[in-house]
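Asker: Structure below; questions to follow.
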Amino acid sequence: MVEAQRVSKKVTSPEGELLILDDVSLKIDAGEAMAIVGPSGSGKSTLLGLLAGLDVPTGGRVFLDGIELTTLDEDGRARLRAGRVGFVFQSFQLLQSLTALENVMLPMELVGEGSPRTAATDILQHVGLGKRLHHYPNQLSGGEQQRCAIARAFASNPRMLFADEPTGNLDQTTGARIVELLFALNSERATTLILVTHDRAISHHCHRLVELEAGRLTGAA
Amino acid sequence: MINTLTFSLRSLRRDWRSGELRILAIAVVIAVASMTAVGFFTDRTWQAMGQQVGELLAADLVLTSTNPIGSDRLAYARTSTLQTAQTLNFRSVVIADGKMQLVEVKAVSADYPLRGSLRVAPKLFAPDDVTLVTPGRAEVWVNADLLQKLRVHIDDVISLGEAEFLIRKVLTYEPDRGGELFNIAPRVMMNIEDVPATRLLQPGSRARHMLLVAGTEDSVRAYRSWLTSRLNPDERLATLEDGRPELRTALERAQRFLGLASLVSVFLAGVAMAMAARRYTQRHLDTSAIMRCLGATQRTIIKIFAWEMFWIGLVAGLLGCLLGYVAQTGLALILAGLVATELPLPSLRPALVGLPLGLAVLMGFALPPLLALKDVSPTRVLRRQVTTPVPRNMATYALAFLTMAGLMSWHARDLGLLAYVLGGAVGTVVVLAMTAYLLVKLLNGLRGRVGVAWRFGLANISRRAHVSMAQIVAFGLGIMVLLLLSLIRGDLLEGWRKTIPPEAPNHFLINIQPDQVQALGDFLAAHGTAKAGIYPMVRARLISINGRRVEPKDFDDPRAQHLARHEYNLSWAAQLRVDNRVVSGRWWSADEHGQPLMSFEQELAATLGIKLGDVLTFDIAGSKLDTAVTNLRTVDWDTFNVNFFTILPPGVLNEYPATYVTSVYLSPEGRRILTPMLERFPNVTVIDVDALLGKVRQIMERVSLAVEYVFIFTLLAGLAVLYAAIQSTQDERRYETAVLRILGAHRGQLLRGLVAEFVTLGLLAGALAGVAASIIGYALAEFVFHFDYRLNLWVWLVGAVCGAIGIGVAGTLGTRSVLRQPPAKTLREV
């Protein structure tokens, strides 16, 4: 379903070239939930970005749904993601100019799905934001914003979900509720989940765990 | 204690490297460049126009004396590297074949004229041409009416005093001949070296000796101040300001146009800077929050950012001056073929004004957001959304406004114009902003009814209502300037040109006898010449006002002294003419005909201190006539019709000898009627003012051209505003585009969203700009330039359509780069 073959990523910094990922290979099957763990700066978020096609590697190849991402341009990668991939970020990444409802409708509208308003309303009610449909992101609490982001991620019934530190900006109680919601929806919709976290407790919800250190895979479970 | 100066320099270097300041710096460069380019070019055009008007004096400065000009005056002028020429003017009589004629002799030196040129024709009524030489020894050039009066021809000989001269050319135009069309005897122009041979000028003879001077503005000014302190009672200085009234009016109008263009540039530049400064501030919210956390006081933060602004302003301002200079040089090169006169070098004044003005505008517009930076709560480092301060200090904007107004008033040197522009600008911005805000809020209702791309575009506009409002105002101002430049300017210039219609009378027929009036009128009508009024006139001298004798020495004003010395042409009329307007008192009724009442031209009355009800005593051919001023009237001299300063009711002047006068338009072919006309009415004298009229029109054309070029820079300033406005939301746009990309939006969808947003913004801004431009055009025409102006409804449509297309294309092209970057990178950066 998602596969990285000998992927590496270098960036140029004032101190010279910096190797963020070094020869990483892994494969995630359909319906599987995998956690990527590791200390800060180990390259977890970079790997997630490469697997989702948000960025391109400097070496190696990435396949999503059997299609090699590294051969596609920016537009091609976006088209591949549309309707197929959902995202949840640490900092929510909701569009400030749109209401909660419009934010959730967005991925469905982008692929031209039939009735995005009804579907978005349903899922927002499902995540407990039924009374917050017309609120703008900055009128919502952190937990509510992340619920909205989760609703947006699942709205178009994606086959894959990428989550980057989804509880990183939330307190422990809210974080626990968000994790609960995320995994409940994941199992309900049989989505493939790739999750980046430094929280071992969250990673234990996943079927598999890979560990990164200084850009290299150091362990798998 | 942080050394804020050093810190600001370090911070400037850091910000510069990270690209933070580039847009702001570019905005300052563009602003100052546009200001100084306008300044430099205006400076040069103004100087050049001064030289054009210098043609009316045939010099930049003329010293007139009843005695020969002192040699020290000439020597000082020559050591000041000024060009000089001399003329000697006196009245005399020429004799040909036993016939005598009073003439105005002008003896000229070889360098005459220093400004403008003479025009001559090889024979009577033949086409004339410019000549670069002056009459040679023993020859004269004469006016057409002398040939008519003496019945002599080219190559005939005439006597002047004890010398004889060959008539070589018909003199059709001399730049400094001036007005007083009806008071002049025919001109005879001769070589100044021949004057002694005539033996006409003896000690005590009435003659005007003139020293003509021309050179650079500074050297002429220096010479003038040197001379002013040494002026003898018999000497008088004439400068450009003493030119003909209609040309002075033209020049004043030109000054207003140019001043307006340069003020609009300054204002737009300020808006551009404000938009760029706003973005700079937005991007420094986090920095100042962190600095506050680390212990920086509010005062320290302000000082650091203010210093940083100052450095940018200084460096970018200097660059702007340089660019402005280069831009105007390029422009002058492009224009070299179009503007006939060579443009003089600009002075440094525009840079000296532009740089501090640029700094003041930058500080004025950047300070309010900077003050907001000091209010950033340190808790922002914990949660960004909670503590975004908004610029709130309106008092600071007022300060900026006043600083700008002060500098601009110095720059524009016209407080009335400044008040119009500032008042207009503030009024326009406020009305635009309020209307824009209303429209933005209305747009919100449309969101649910459109597709995703349009929804996203409209949502962006209404969600960022304040920014959208600012953008609509900025776009609106830009488009408004474009509309003012294209459609409205065209209308205004057309209105201006119309003040001298193309078929304005170009020939005056004078000395028409009362018994010839009907026959001449019929003759002109029969030859297809539009029937013009034939008006009576009686020569008279004003001898007293309310019984008090009128003496030139009683007046301080040189113009009043001049008027007190000269004869008036009294005319009579039953009806008020269409180009005249009574401003006080009343026009006479039919039963008042025959009563000694008088209508006086308002401006002349003011100069002579004449008021309604005053009794004026005139000397007409030795007898006295008392008249009471019953009304004061304005005259539209621009029509070039025959008009009079003094008019009486019919029946008062019947017993006095009157002649009649008319003015007609004759096309080059139409001039053929002059020969048969003079055969039938030999006593009538024809005065051809075509050349003079052509000169007036040419100066107007040139001024229009200069205005158009000056407006090019205003246009650039307008574009800078558009650019800054687009840039101001670039960060949010990049972020939003990245999120949409992550959600799978493809290029087409993203582009449609951008197009939707900018087309809508452009449409709103364009429509508003169209309305605003029409109103401003109307106000300018009505209250400033006094033209008739018809509202052009096309302007609104053109504004809306061009706004939608222009801003749609420019905005989309300007933000297109956000589509290229991988979303992960963008999210990390923003």
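All residue names refer to the structure tokens as shown: chains lettered A, B, ... in order, residues numbered from 1 in each chain, ligands numbered from 1 in order.
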I need the alpha helix (DSSP H) residues of range 15-95 of chain A per DSSP on the backbone, written as a JSON list (two decimals) with N, CA and C atoms, in the first residue's frame.

Answerer:
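Okay, this is what ended up in selection.json:
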[["chain", "number", "residue", "atom", "x", "y", "z"],
["A", 44, "LYS", "N", 11.24, 11.89, 11.90],
["A", 44, "LYS", "CA", 9.91, 11.23, 11.83],
["A", 44, "LYS", "C", 8.96, 11.98, 10.89],
["A", 45, "SER", "N", 8.83, 13.30, 11.16],
["A", 45, "SER", "CA", 7.87, 14.08, 10.35],
["A", 45, "SER", "C", 8.31, 14.15, 8.89],
["A", 46, "THR", "N", 9.64, 14.20, 8.67],
["A", 46, "THR", "CA", 10.14, 14.23, 7.29],
["A", 46, "THR", "C", 9.75, 12.95, 6.57],
["A", 47, "LEU", "N", 9.92, 11.82, 7.26],
["A", 47, "LEU", "CA", 9.56, 10.53, 6.66],
["A", 47, "LEU", "C", 8.06, 10.50, 6.33],
["A", 48, "LEU", "N", 7.25, 10.99, 7.28],
["A", 48, "LEU", "CA", 5.80, 11.00, 7.05],
["A", 48, "LEU", "C", 5.46, 11.84, 5.81],
["A", 49, "GLY", "N", 6.11, 13.00, 5.72],
["A", 49, "GLY", "CA", 5.88, 13.90, 4.58],
["A", 49, "GLY", "C", 6.25, 13.23, 3.27],
["A", 50, "LEU", "N", 7.35, 12.46, 3.29],
["A", 50, "LEU", "CA", 7.80, 11.79, 2.05],
["A", 50, "LEU", "C", 6.84, 10.66, 1.68],
["A", 51, "LEU", "N", 6.37, 9.92, 2.71],
["A", 51, "LEU", "CA", 5.45, 8.80, 2.43],
["A", 51, "LEU", "C", 4.12, 9.32, 1.86],
["A", 74, "GLU", "N", 4.36, 17.90, -8.61],
["A", 74, "GLU", "CA", 3.58, 18.37, -7.47],
["A", 74, "GLU", "C", 2.08, 18.16, -7.70],
["A", 75, "ASP", "N", 1.66, 18.47, -8.92],
["A", 75, "ASP", "CA", 0.25, 18.37, -9.25],
["A", 75, "ASP", "C", -0.20, 16.91, -9.28],
["A", 76, "GLY", "N", 0.63, 16.08, -9.83],
["A", 76, "GLY", "CA", 0.33, 14.65, -9.92],
["A", 76, "GLY", "C", 0.19, 14.05, -8.53],
["A", 77, "ARG", "N", 1.07, 14.46, -7.64],
["A", 77, "ARG", "CA", 1.02, 13.94, -6.27],
["A", 77, "ARG", "C", -0.25, 14.42, -5.57],
["A", 78, "ALA", "N", -0.64, 15.68, -5.85],
["A", 78, "ALA", "CA", -1.86, 16.21, -5.23],
["A", 78, "ALA", "C", -3.07, 15.42, -5.71],
["A", 79, "ARG", "N", -3.11, 15.15, -7.03],
["A", 79, "ARG", "CA", -4.25, 14.40, -7.59],
["A", 79, "ARG", "C", -4.33, 13.01, -6.98],
["A", 80, "LEU", "N", -3.14, 12.41, -6.75],
["A", 80, "LEU", "CA", -3.10, 11.07, -6.16],
["A", 80, "LEU", "C", -3.65, 11.10, -4.73],
["A", 81, "ARG", "N", -3.33, 12.17, -4.01],
["A", 81, "ARG", "CA", -3.80, 12.28, -2.62],
["A", 81, "ARG", "C", -5.30, 12.50, -2.54]]

Asker: Env of Phe162 in chain A: 9 Å cut, atoms = only C-alpha atoms, seq-sep filter 4 positions within chain, self excluded. Answer as a VMD selection string.

Answerer: chain A and resid 48 to 49 51 to 52 85 to 89 153 192 to 196

Asker: With a cut-off of 9 Å and counting only C-alpha atoms, select all residues of chain B in contact with chain A and give the selection as an MDAnalysis selection string.

Answerer: chainID B and resid 385:386 451:453 455:456 459:464 735:736 739:747 749 819:825 827

Asker: Using the selection just defined, write its residues with N, CA, C and O atoms as a short mmCIF file (atom, residue, chain, number, x, y, z; two decimals), in the first residue's frame.

Answerer:
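Result file is out-v4.cif:
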data_model
loop_
_atom_site.label_atom_id
_atom_site.label_comp_id
_atom_site.auth_asym_id
_atom_site.auth_seq_id
_atom_site.Cartn_x
_atom_site.Cartn_y
_atom_site.Cartn_z
N GLN B 385 -2.64 32.33 18.52
CA GLN B 385 -3.90 32.98 18.14
C GLN B 385 -4.41 33.99 19.16
O GLN B 385 -5.13 34.91 18.82
N VAL B 386 -4.04 33.76 20.48
CA VAL B 386 -4.69 34.60 21.49
C VAL B 386 -4.35 36.06 21.41
O VAL B 386 -5.17 36.92 21.68
N GLY B 451 -19.40 27.23 -6.24
CA GLY B 451 -18.56 26.03 -6.17
C GLY B 451 -17.37 26.23 -5.24
O GLY B 451 -17.14 27.32 -4.72
N VAL B 452 -16.59 25.14 -5.09
CA VAL B 452 -15.53 25.16 -4.09
C VAL B 452 -14.48 26.24 -4.34
O VAL B 452 -14.07 26.94 -3.42
N ALA B 453 -14.07 26.39 -5.60
CA ALA B 453 -13.02 27.36 -5.88
C ALA B 453 -13.50 28.78 -5.56
O ALA B 453 -12.83 29.55 -4.90
N ARG B 455 -16.05 29.50 -3.66
CA ARG B 455 -16.32 29.62 -2.22
C ARG B 455 -15.04 29.97 -1.50
O ARG B 455 -14.99 30.81 -0.61
N PHE B 456 -13.97 29.27 -1.90
CA PHE B 456 -12.69 29.51 -1.24
C PHE B 456 -12.23 30.94 -1.46
O PHE B 456 -11.80 31.63 -0.55
N ALA B 459 -14.58 33.23 0.44
CA ALA B 459 -14.34 33.06 1.87
C ALA B 459 -13.10 33.81 2.29
O ALA B 459 -13.07 34.48 3.32
N ASN B 460 -12.07 33.74 1.47
CA ASN B 460 -10.83 34.46 1.76
C ASN B 460 -11.09 35.94 1.88
O ASN B 460 -10.58 36.60 2.76
N ILE B 461 -11.91 36.45 0.94
CA ILE B 461 -12.18 37.89 0.96
C ILE B 461 -12.95 38.28 2.21
O ILE B 461 -12.57 39.20 2.93
N SER B 462 -14.03 37.54 2.51
CA SER B 462 -14.86 38.00 3.61
C SER B 462 -14.28 37.63 4.97
O SER B 462 -14.49 38.33 5.95
N ARG B 463 -13.52 36.54 5.03
CA ARG B 463 -12.92 36.18 6.30
C ARG B 463 -11.86 37.21 6.69
O ARG B 463 -11.79 37.63 7.82
N ARG B 464 -11.07 37.60 5.70
CA ARG B 464 -10.04 38.61 5.99
C ARG B 464 -10.62 39.99 5.67
O ARG B 464 -10.05 40.74 4.88
N TYR B 735 0.32 29.48 2.89
CA TYR B 735 -0.09 28.50 3.88
C TYR B 735 -1.36 27.79 3.42
O TYR B 735 -1.45 26.56 3.42
N GLU B 736 -2.34 28.59 3.01
CA GLU B 736 -3.62 28.01 2.60
C GLU B 736 -3.45 27.09 1.40
O GLU B 736 -4.05 26.02 1.31
N VAL B 739 -2.04 23.80 2.52
CA VAL B 739 -3.05 22.92 3.14
C VAL B 739 -3.95 22.32 2.08
O VAL B 739 -4.25 21.12 2.08
N LEU B 740 -4.37 23.15 1.13
CA LEU B 740 -5.23 22.64 0.05
C LEU B 740 -4.51 21.57 -0.76
O LEU B 740 -5.10 20.57 -1.16
N ARG B 741 -3.22 21.80 -1.00
CA ARG B 741 -2.41 20.81 -1.71
C ARG B 741 -2.41 19.49 -0.96
O ARG B 741 -2.58 18.41 -1.55
N ILE B 742 -2.22 19.58 0.36
CA ILE B 742 -2.19 18.37 1.19
C ILE B 742 -3.50 17.62 1.07
O ILE B 742 -3.54 16.40 0.99
N LEU B 743 -4.58 18.40 0.99
CA LEU B 743 -5.89 17.78 0.89
C LEU B 743 -6.17 17.27 -0.53
O LEU B 743 -7.25 16.77 -0.80
N GLY B 744 -5.23 17.47 -1.43
CA GLY B 744 -5.36 16.89 -2.76
C GLY B 744 -5.82 17.86 -3.84
O GLY B 744 -6.19 17.42 -4.93
N ALA B 745 -5.85 19.16 -3.54
CA ALA B 745 -6.28 20.11 -4.58
C ALA B 745 -5.25 20.15 -5.69
O ALA B 745 -4.05 20.23 -5.42
N HIS B 746 -5.72 20.07 -6.94
CA HIS B 746 -4.76 20.17 -8.04
C HIS B 746 -4.65 21.61 -8.50
O HIS B 746 -5.41 22.49 -8.07
N ARG B 747 -3.68 21.82 -9.37
CA ARG B 747 -3.32 23.17 -9.80
C ARG B 747 -4.51 23.99 -10.31
O ARG B 747 -4.69 25.14 -9.96
N GLN B 749 -7.66 23.70 -9.61
CA GLN B 749 -8.56 24.12 -8.53
C GLN B 749 -7.96 25.30 -7.75
O GLN B 749 -8.65 26.26 -7.41
N LEU B 819 2.08 28.05 -5.86
CA LEU B 819 1.68 26.73 -6.34
C LEU B 819 2.87 25.81 -6.54
O LEU B 819 2.71 24.60 -6.67
N ARG B 820 4.06 26.41 -6.62
CA ARG B 820 5.22 25.60 -7.03
C ARG B 820 5.86 24.83 -5.87
O ARG B 820 6.39 23.78 -6.05
N GLN B 821 5.82 25.43 -4.68
CA GLN B 821 6.59 24.88 -3.57
C GLN B 821 5.94 23.62 -2.99
O GLN B 821 4.71 23.57 -2.86
N PRO B 822 6.73 22.60 -2.63
CA PRO B 822 6.14 21.42 -1.98
C PRO B 822 5.47 21.85 -0.67
O PRO B 822 6.03 22.64 0.08
N PRO B 823 4.28 21.30 -0.38
CA PRO B 823 3.53 21.78 0.78
C PRO B 823 4.27 21.58 2.11
O PRO B 823 4.14 22.40 3.01
N ALA B 824 5.04 20.48 2.22
CA ALA B 824 5.72 20.23 3.50
C ALA B 824 6.67 21.38 3.81
O ALA B 824 6.77 21.85 4.94
N LYS B 825 7.37 21.85 2.77
CA LYS B 825 8.33 22.93 2.93
C LYS B 825 7.61 24.21 3.37
O LYS B 825 8.04 24.92 4.29
N LEU B 827 4.73 24.53 4.91
CA LEU B 827 4.23 24.46 6.28
C LEU B 827 5.34 24.67 7.30
O LEU B 827 5.13 25.24 8.36
#

Asker: Excluding Leu101 in chain A and any residue of its chain fewer than 6 positions from it, enumerate the residues within 8 Å of it, using only C-alpha atoms, and give them as a ChimeraX atom specification.

Answerer: /A:117,120-121,124,133-134

Asker: Would you mind exporting all heavy atoms of the selected residues as a PDB file, in the first residue's frame?

Answerer:
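Wrote it out as part-v8.pdb, contents follow:
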ATOM      1  N   ARG A 117     -21.990  18.789   1.853  1.00  0.00           N
ATOM      2  CA  ARG A 117     -22.533  19.479   3.032  1.00  0.00           C
ATOM      3  C   ARG A 117     -23.124  18.474   4.021  1.00  0.00           C
ATOM      4  O   ARG A 117     -22.843  18.517   5.219  1.00  0.00           O
ATOM      5  CB  ARG A 117     -23.583  20.495   2.578  1.00  0.00           C
ATOM      6  CG  ARG A 117     -24.120  21.378   3.689  1.00  0.00           C
ATOM      7  CD  ARG A 117     -25.001  22.474   3.115  1.00  0.00           C
ATOM      8  NE  ARG A 117     -24.197  23.438   2.371  1.00  0.00           N
ATOM      9  CZ  ARG A 117     -23.652  24.525   2.916  1.00  0.00           C
ATOM     10  NH1 ARG A 117     -23.828  24.764   4.209  1.00  0.00           N
ATOM     11  NH2 ARG A 117     -22.929  25.333   2.199  1.00  0.00           N
ATOM     12  N   ALA A 120     -20.386  16.224   5.538  1.00  0.00           N
ATOM     13  CA  ALA A 120     -19.550  16.967   6.483  1.00  0.00           C
ATOM     14  C   ALA A 120     -20.307  17.228   7.771  1.00  0.00           C
ATOM     15  O   ALA A 120     -19.753  17.084   8.877  1.00  0.00           O
ATOM     16  CB  ALA A 120     -19.113  18.284   5.855  1.00  0.00           C
ATOM     17  N   THR A 121     -21.600  17.578   7.630  1.00  0.00           N
ATOM     18  CA  THR A 121     -22.411  17.806   8.836  1.00  0.00           C
ATOM     19  C   THR A 121     -22.466  16.534   9.680  1.00  0.00           C
ATOM     20  O   THR A 121     -22.279  16.563  10.902  1.00  0.00           O
ATOM     21  CB  THR A 121     -23.834  18.246   8.439  1.00  0.00           C
ATOM     22  OG1 THR A 121     -23.725  19.294   7.483  1.00  0.00           O
ATOM     23  CG2 THR A 121     -24.625  18.735   9.630  1.00  0.00           C
ATOM     24  N   LEU A 124     -19.142  15.815  11.415  1.00  0.00           N
ATOM     25  CA  LEU A 124     -18.874  16.788  12.485  1.00  0.00           C
ATOM     26  C   LEU A 124     -19.727  16.456  13.718  1.00  0.00           C
ATOM     27  O   LEU A 124     -19.281  16.594  14.854  1.00  0.00           O
ATOM     28  CB  LEU A 124     -19.140  18.219  12.001  1.00  0.00           C
ATOM     29  CG  LEU A 124     -17.961  18.853  11.246  1.00  0.00           C
ATOM     30  CD1 LEU A 124     -18.382  20.130  10.533  1.00  0.00           C
ATOM     31  CD2 LEU A 124     -16.805  19.162  12.198  1.00  0.00           C
ATOM     32  N   LEU A 133     -20.763  24.002  13.814  1.00  0.00           N
ATOM     33  CA  LEU A 133     -20.586  23.928  12.349  1.00  0.00           C
ATOM     34  C   LEU A 133     -20.114  25.240  11.735  1.00  0.00           C
ATOM     35  O   LEU A 133     -19.268  25.257  10.845  1.00  0.00           O
ATOM     36  CB  LEU A 133     -21.914  23.533  11.674  1.00  0.00           C
ATOM     37  CG  LEU A 133     -22.496  22.171  12.022  1.00  0.00           C
ATOM     38  CD1 LEU A 133     -23.772  21.933  11.226  1.00  0.00           C
ATOM     39  CD2 LEU A 133     -21.492  21.075  11.725  1.00  0.00           C
ATOM     40  N   HIS A 134     -20.668  26.359  12.190  1.00  0.00           N
ATOM     41  CA  HIS A 134     -20.386  27.639  11.535  1.00  0.00           C
ATOM     42  C   HIS A 134     -19.374  28.492  12.288  1.00  0.00           C
ATOM     43  O   HIS A 134     -19.273  29.689  12.059  1.00  0.00           O
ATOM     44  CB  HIS A 134     -21.700  28.395  11.292  1.00  0.00           C
ATOM     45  CG  HIS A 134     -22.654  27.589  10.452  1.00  0.00           C
ATOM     46  ND1 HIS A 134     -22.395  27.285   9.129  1.00  0.00           N
ATOM     47  CD2 HIS A 134     -23.819  26.972  10.761  1.00  0.00           C
ATOM     48  CE1 HIS A 134     -23.375  26.531   8.656  1.00  0.00           C
ATOM     49  NE2 HIS A 134     -24.258  26.319   9.635  1.00  0.00           N
TER      50      HIS A 134
END

Asker: If we count only C-alpha atoms, what is near range 61-66 of chain A at a cut-off of 6 Å, once residues fewer than 3 positions away on the same chain are taken out, given as a compact mmCIF listing (two decimals) with C-alpha atoms, in the first residue's frame?

Answerer:
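Result file follows (result_33.txt):
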# COMPACT_ATOMS: atom_id res chain seq x y z
CA MET A 1 0.00 0.00 0.00
CA VAL A 2 2.74 2.48 1.03
CA GLU A 3 6.36 1.62 0.43
CA ALA A 4 9.66 3.43 0.87
CA GLN A 5 12.70 2.00 -0.87
CA LEU A 69 5.33 9.15 -6.08
CA THR A 70 8.85 10.17 -6.96

Asker: For Leu212 in chain A, work out the shell of residues within 6 Å, counting only C-alpha atoms and skipping chain neighbours fewer than 6 positions away, then give it as number ranges by chain.

Answerer: A: 38, 42, 218

Asker: Write a file of the just-selected residues containing C-alpha atoms, as an mmCIF file, in the first residue's frame.

Answerer:
data_model
loop_
_atom_site.group_PDB
_atom_site.id
_atom_site.type_symbol
_atom_site.label_atom_id
_atom_site.label_comp_id
_atom_site.auth_asym_id
_atom_site.auth_seq_id
_atom_site.Cartn_x
_atom_site.Cartn_y
_atom_site.Cartn_z
ATOM 1 C CA GLY A 38 11.802 8.458 17.866
ATOM 2 C CA SER A 42 15.172 12.006 14.301
ATOM 3 C CA THR A 218 16.838 1.409 14.365
#

Asker: Give me, please, the distance in Å between CA of Gln595 in chain B and CA of Leu632 in chain B, quoted to one decimal.

Answerer: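 Pair CA of Gln595 in chain B / CA of Leu632 in chain B returns 17.0 Å.
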
Asker: Run DSSP on the backbone and grab whatever in range 22-211 of chain A lands in strand (DSSP E or B); send it over as a VMD selection string.

Answerer: chain A and resid 22 to 28 33 to 37 59 to 64 67 to 68 85 to 89 160 to 164 192 to 196 208 to 211

Asker: Find the residues around Ser117 in chain B up to 7 Å (only C-alpha atoms counted), leave out those fewer than 3 positions away in its own chain, and share them as an NGL selection string.

Answerer: :B and (113 or 130-132 or 174-175)

Asker: Would you output that residue set with N, CA, C and O atoms, as a PDB file, in the first residue's frame?

Answerer:
ATOM      1  N   PRO B 113      15.743  87.092 -31.035  1.00  0.00           N
ATOM      2  CA  PRO B 113      15.316  86.993 -29.648  1.00  0.00           C
ATOM      3  C   PRO B 113      16.063  85.869 -28.929  1.00  0.00           C
ATOM      4  O   PRO B 113      16.510  84.918 -29.584  1.00  0.00           O
ATOM      5  N   VAL B 130       9.733  80.310 -39.784  1.00  0.00           N
ATOM      6  CA  VAL B 130      10.658  80.779 -38.743  1.00  0.00           C
ATOM      7  C   VAL B 130      11.941  81.288 -39.384  1.00  0.00           C
ATOM      8  O   VAL B 130      12.423  80.716 -40.367  1.00  0.00           O
ATOM      9  N   THR B 131      12.487  82.346 -38.825  1.00  0.00           N
ATOM     10  CA  THR B 131      13.793  82.795 -39.306  1.00  0.00           C
ATOM     11  C   THR B 131      14.752  82.859 -38.124  1.00  0.00           C
ATOM     12  O   THR B 131      14.348  83.169 -37.001  1.00  0.00           O
ATOM     13  N   LEU B 132      15.994  82.532 -38.381  1.00  0.00           N
ATOM     14  CA  LEU B 132      16.976  82.527 -37.305  1.00  0.00           C
ATOM     15  C   LEU B 132      17.857  83.773 -37.335  1.00  0.00           C
ATOM     16  O   LEU B 132      18.737  83.938 -36.511  1.00  0.00           O
ATOM     17  N   GLU B 174       6.479  88.227 -33.751  1.00  0.00           N
ATOM     18  CA  GLU B 174       7.635  88.445 -32.889  1.00  0.00           C
ATOM     19  C   GLU B 174       7.191  88.057 -31.493  1.00  0.00           C
ATOM     20  O   GLU B 174       6.100  88.445 -31.060  1.00  0.00           O
ATOM     21  N   PRO B 175       7.979  87.230 -30.795  1.00  0.00           N
ATOM     22  CA  PRO B 175       7.495  86.632 -29.557  1.00  0.00           C
ATOM     23  C   PRO B 175       7.063  87.649 -28.503  1.00  0.00           C
ATOM     24  O   PRO B 175       6.089  87.440 -27.811  1.00  0.00           O
TER      25      PRO B 175
END

Asker: Work out how far apart CA of Ser34 in chain B and CA of Leu348 in chain B are and give it in Å to one decimal.

Answerer: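 These atoms are spaced 15.4 Å apart.
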